[in-house]
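Peer 1: I'd like to ask you about the structure that follows.
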Amino acid sequence: MLSNDKKLIAVIGATGQQGGAVVRALQSGRQFKVRALTRHPDKHRELAGEVVKADLNRPGTLGAAFEGAHGVFLVTNFWEEGADELKQAAGAVRAAKDAGVKHFVWSTLPDVEAISGGKFHVPHFTGKAKIDRIVKEAVFAHHTFVIAPSYYQGLVGVLAPQKQADGSVGWALPLDPDVRCLHMGDITELGNIVAGAFAHPDEAGNGEYLPLVGDFMSFNEIIGTLNRQGHKFSFKQVPKEVFAALFPGAAEVAETFRYFQAHTYLGSDSREEIALANRIAGRQPTSFPAWARANFPSVPAAGAI
């Protein structure tokens, strides 16, 4: 198939972890042309063959960005200062529909409010879930929902182990470490699911939910895995109220862990959806032990200087 016969996919957030993963997977598969969308195209010309300016906060930039696109991948950033995800997503959906986009893929999260009957308030999950209806009601020829997991990368990033009061290094979290509740994965592999969805719309383009899950673990299983690889990490369960006062945004993080403990990350038995996502991706996602061996800071050998 000649390059100019390939369908074009426009990827929002191409400089981020999710969008970047989608760009790489689409390029690797060579089945589609890729248009990387960013607010600063001049800084990121290397992202793809076509790099175009687009800003979710300026809907007027989206029409040209989506022009001629067969598919669009959308992710929004709850944590970006001043971001209104609902407004951003609604504008993107409207622009994609007006541009004649046939397949819309939205990166969503579980509806904590619905799953918990209103008991838990986790806006960065529920806010994304409420956008699902907007995507459905747009009536694209095909639409798909992908669900990012708890990133393995978080354990060497925002959730990296810290020096504790007792001198140990590890985690102090408002979570029962024995409860298996964390659906986790290597976020760089989300692109395989998205690319697979665009390639197989009959199987994955009818409103399917496709979660990326490399492992389903308790925190003690995470620590056990790392300690078997030579680390000596600790864990202390702390009260929600104590954790919530530690840093700005900690209260929502504490509430998120309470939700996980009660309902798991995905909030329901998602084995069938996970199996479909893996089939669509064409591969099994990386397990946590394999990821940790390759990505966690190594432990110096005994006697090393």
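Here, A, B, ... name the chains of the structure tokens in the order displayed, residue numbers run from 1 inside each chain, and ligands are numbered from 1 in the same displayed order.
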Which neighbours of Val112 in chain A fall inside 8 Å, counting only C-alpha atoms, when residues of the same chain fewer than 5 positions from it are skipped, and could you give them as a PyMOL selection string?

Peer 2: chain A and resi 118+120-122+125-126+259+267

Peer 1: Using DSSP on the backbone coordinates, identify the residues of range 2-116 of chain A assigned to helix (DSSP H, G or I); present them as a VMD selection string.

Peer 2: chain A and resid 3 to 5 17 to 29 41 to 43 59 to 66 85 to 98 112 to 115

Peer 1: For CA of Ile280 in chain A and CA of His143 in chain A, determine how far apart the two atoms are, in Å to one decimal place.

Peer 2: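 Spanning CA of Ile280 in chain A to CA of His143 in chain A is a straight-line distance of 14.3 Å.
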
Peer 1: Range 113-302 of chain A: which residues are strand (DSSP E or B) by DSSP, as a PyMOL selection string?

Peer 2: chain A and resi 142-147+150-151+162-163+169-173+182-185+206-211+215-217+233-237

Peer 1: Under the rule that only C-alpha atoms are counted, which of A:Ile223, A:Leu56, A:Ala281, A:Ala254 is the nearest residue to Leu210 in chain A?

Peer 2: A:Ala281

Peer 1: With a distance cut-off of 12 Å and only C-alpha atoms, select the neighbouring residues of Val179 in chain A, excluding the residue or stretch itself and same-chain residues fewer than 2 positions from it, and output the selection as JSON, numbers by chain.

Peer 2: {"A": [174, 175, 176, 177, 181, 182, 183, 216, 217, 218, 219, 220, 221, 222, 237, 257, 258, 259, 260, 261, 262, 263, 264, 265]}

Peer 1: Using only C-alpha atoms, which residues sit within 8 Å of Lys240 in chain A once same-chain residues fewer than 2 positions away are excluded, as a PDB file with C-alpha atoms, in the first residue's frame?

Peer 2:
ATOM      1  CA  PRO A 174      -3.364   5.206  53.263  1.00  0.00           C
ATOM      2  CA  VAL A 238      -1.026   5.591  57.532  1.00  0.00           C
ATOM      3  CA  VAL A 242      -2.536  12.086  58.182  1.00  0.00           C
ATOM      4  CA  PHE A 243      -1.649  11.491  54.524  1.00  0.00           C
ATOM      5  CA  ALA A 244      -4.122  14.124  53.286  1.00  0.00           C
ATOM      6  CA  ALA A 251      -6.435  14.544  50.022  1.00  0.00           C
ATOM      7  CA  ALA A 254      -5.807   9.476  49.752  1.00  0.00           C
ATOM      8  CA  GLU A 255      -9.399   9.242  48.527  1.00  0.00           C
TER       9      GLU A 255
END

Peer 1: List the spatial neighbours of Arg279 in chain A as a list of chain:residue names - criterion: any atom at most 12 Å away, only C-alpha atoms, same-chain residues fewer than 3 positions off excluded.

Peer 2: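 That gives A:Asn192, A:Ile193, A:Val194, A:Ala195, A:Gly196, A:Ala197, A:His200, A:Glu203, A:Ala204, A:Leu210, A:Pro211, A:Leu212, A:Glu272, A:Glu273, A:Ile274, A:Ala275, A:Leu276, A:Gly282, A:Arg283, A:Gln284, A:Pro285.
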
Peer 1: Would you save the residues from that selection as a compact mmCIF listing (two decimals), in the first residue's frame, using C-alpha atoms?

Peer 2:
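This went into out.txt:
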# COMPACT_ATOMS: atom_id res chain seq x y z
CA ASN A 192 -0.32 -0.78 21.07
CA ILE A 193 -3.98 -0.93 22.14
CA VAL A 194 -4.87 2.35 20.43
CA ALA A 195 -3.13 1.38 17.19
CA GLY A 196 -4.85 -2.00 17.34
CA ALA A 197 -8.24 -0.35 17.81
CA HIS A 200 -9.55 -3.41 13.90
CA GLU A 203 -13.79 -5.62 16.86
CA ALA A 204 -12.84 -2.57 18.88
CA LEU A 210 -9.97 -1.53 26.44
CA PRO A 211 -7.85 -1.33 29.61
CA LEU A 212 -4.08 -1.67 29.60
CA GLU A 272 -12.95 -9.93 29.48
CA GLU A 273 -12.12 -6.32 28.60
CA ILE A 274 -8.44 -6.88 29.48
CA ALA A 275 -8.33 -10.02 27.31
CA LEU A 276 -9.88 -8.11 24.39
CA GLY A 282 -1.48 -8.19 19.44
CA ARG A 283 0.70 -8.84 22.48
CA GLN A 284 0.71 -9.37 26.22
CA PRO A 285 1.68 -6.25 28.17

Peer 1: Could you work out how far CA of Phe73 in chain A lies from CA of Ala10 in chain A, giving the answer in Å with one decimal?

Peer 2: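 Separation of CA of Ala10 in chain A and CA of Phe73 in chain A: 6.4 Å.
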
Peer 1: Which neighbours of range 26-37 of chain A fall inside 10 Å, counting only C-alpha atoms, when residues of the same chain fewer than 5 positions from it are skipped, and could you give them as an NGL selection string?

Peer 2: :A and (1 or 3-15 or 19-21 or 44-55 or 62 or 65-66 or 69-72 or 191-192 or 194-196 or 198-199)

Peer 1: With C-alpha atoms retained, export the selected residues as a PDB file, in the first residue's frame.

Peer 2:
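Result written to again_13.pdb:
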ATOM      1  CA  MET A   1       0.000   0.000   0.000  1.00  0.00           C
ATOM      2  CA  SER A   3       1.975   5.917   1.710  1.00  0.00           C
ATOM      3  CA  ASN A   4      -0.589   8.362   0.336  1.00  0.00           C
ATOM      4  CA  ASP A   5      -3.261   5.651   0.457  1.00  0.00           C
ATOM      5  CA  LYS A   6      -2.870   5.220   4.192  1.00  0.00           C
ATOM      6  CA  LYS A   7      -5.523   6.628   6.506  1.00  0.00           C
ATOM      7  CA  LEU A   8      -4.434   9.544   8.669  1.00  0.00           C
ATOM      8  CA  ILE A   9      -4.618   9.485  12.478  1.00  0.00           C
ATOM      9  CA  ALA A  10      -4.377  12.752  14.415  1.00  0.00           C
ATOM     10  CA  VAL A  11      -2.924  12.346  17.906  1.00  0.00           C
ATOM     11  CA  ILE A  12      -3.634  14.952  20.577  1.00  0.00           C
ATOM     12  CA  GLY A  13      -1.067  15.248  23.362  1.00  0.00           C
ATOM     13  CA  ALA A  14       1.692  13.843  21.180  1.00  0.00           C
ATOM     14  CA  THR A  15       4.408  15.162  23.504  1.00  0.00           C
ATOM     15  CA  GLY A  19      -0.021  10.534  23.130  1.00  0.00           C
ATOM     16  CA  GLY A  20       3.657   9.854  22.579  1.00  0.00           C
ATOM     17  CA  ALA A  21       3.062   6.132  23.030  1.00  0.00           C
ATOM     18  CA  HIS A  44       8.761  19.052  18.194  1.00  0.00           C
ATOM     19  CA  ARG A  45       9.247  18.625  14.444  1.00  0.00           C
ATOM     20  CA  GLU A  46      10.866  15.239  15.063  1.00  0.00           C
ATOM     21  CA  LEU A  47       7.683  13.699  16.514  1.00  0.00           C
ATOM     22  CA  ALA A  48       6.185  12.575  13.209  1.00  0.00           C
ATOM     23  CA  GLY A  49       6.175  13.239   9.490  1.00  0.00           C
ATOM     24  CA  GLU A  50       3.447  15.777  10.092  1.00  0.00           C
ATOM     25  CA  VAL A  51       3.427  17.973  13.204  1.00  0.00           C
ATOM     26  CA  VAL A  52       0.554  20.455  13.487  1.00  0.00           C
ATOM     27  CA  LYS A  53      -0.432  23.119  16.007  1.00  0.00           C
ATOM     28  CA  ALA A  54      -3.474  22.315  18.147  1.00  0.00           C
ATOM     29  CA  ASP A  55      -4.583  23.624  21.527  1.00  0.00           C
ATOM     30  CA  LEU A  62      -8.770  21.974  16.056  1.00  0.00           C
ATOM     31  CA  ALA A  65      -5.685  19.949  12.912  1.00  0.00           C
ATOM     32  CA  PHE A  66      -8.348  17.295  12.222  1.00  0.00           C
ATOM     33  CA  ALA A  69      -8.093  12.676   9.470  1.00  0.00           C
ATOM     34  CA  HIS A  70      -9.729   9.246   9.527  1.00  0.00           C
ATOM     35  CA  GLY A  71      -9.126   8.864  13.260  1.00  0.00           C
ATOM     36  CA  VAL A  72      -8.406  10.967  16.332  1.00  0.00           C
ATOM     37  CA  GLY A 191      -0.156   2.883  22.086  1.00  0.00           C
ATOM     38  CA  ASN A 192      -0.323  -0.779  21.066  1.00  0.00           C
ATOM     39  CA  VAL A 194      -4.866   2.351  20.429  1.00  0.00           C
ATOM     40  CA  ALA A 195      -3.126   1.383  17.189  1.00  0.00           C
ATOM     41  CA  GLY A 196      -4.853  -2.002  17.337  1.00  0.00           C
ATOM     42  CA  PHE A 198      -7.726   1.837  14.731  1.00  0.00           C
ATOM     43  CA  ALA A 199      -6.603  -1.239  12.763  1.00  0.00           C
TER      44      ALA A 199
END

Peer 1: Go through A:Val213, A:Ile147, A:Val139, A:Ala114 one by one, measure the shortest atom-to-atom distance of each to Val101 in chain A using only C-alpha atoms, and give the residue with the smallest value.

Peer 2: A:Val139

Peer 1: What does the distance between CA of Glu67 in chain A and CA of Ala99 in chain A come to in Å, to one decimal place?

Peer 2: 5.6 Å

Peer 1: Please provide as a PyMOL selection string all residues within 9 Å of Val156 in chain A, with the sequence filter that same-chain residues fewer than 4 positions apart are discarded (counting only C-alpha atoms).

Peer 2: chain A and resi 152+160-161+295-297

Peer 1: Take the selection from the previous step and output its residues with C-alpha atoms, as a PDB file, in the first residue's frame.

Peer 2:
ATOM      1  CA  TYR A 152       4.535   1.447  36.697  1.00  0.00           C
ATOM      2  CA  ALA A 160       8.920   6.876  44.289  1.00  0.00           C
ATOM      3  CA  PRO A 161      10.044   5.392  47.623  1.00  0.00           C
ATOM      4  CA  ASN A 295      13.606   0.112  34.890  1.00  0.00           C
ATOM      5  CA  PHE A 296      13.991   0.268  38.663  1.00  0.00           C
ATOM      6  CA  PRO A 297      17.273   1.759  39.888  1.00  0.00           C
TER       7      PRO A 297
END
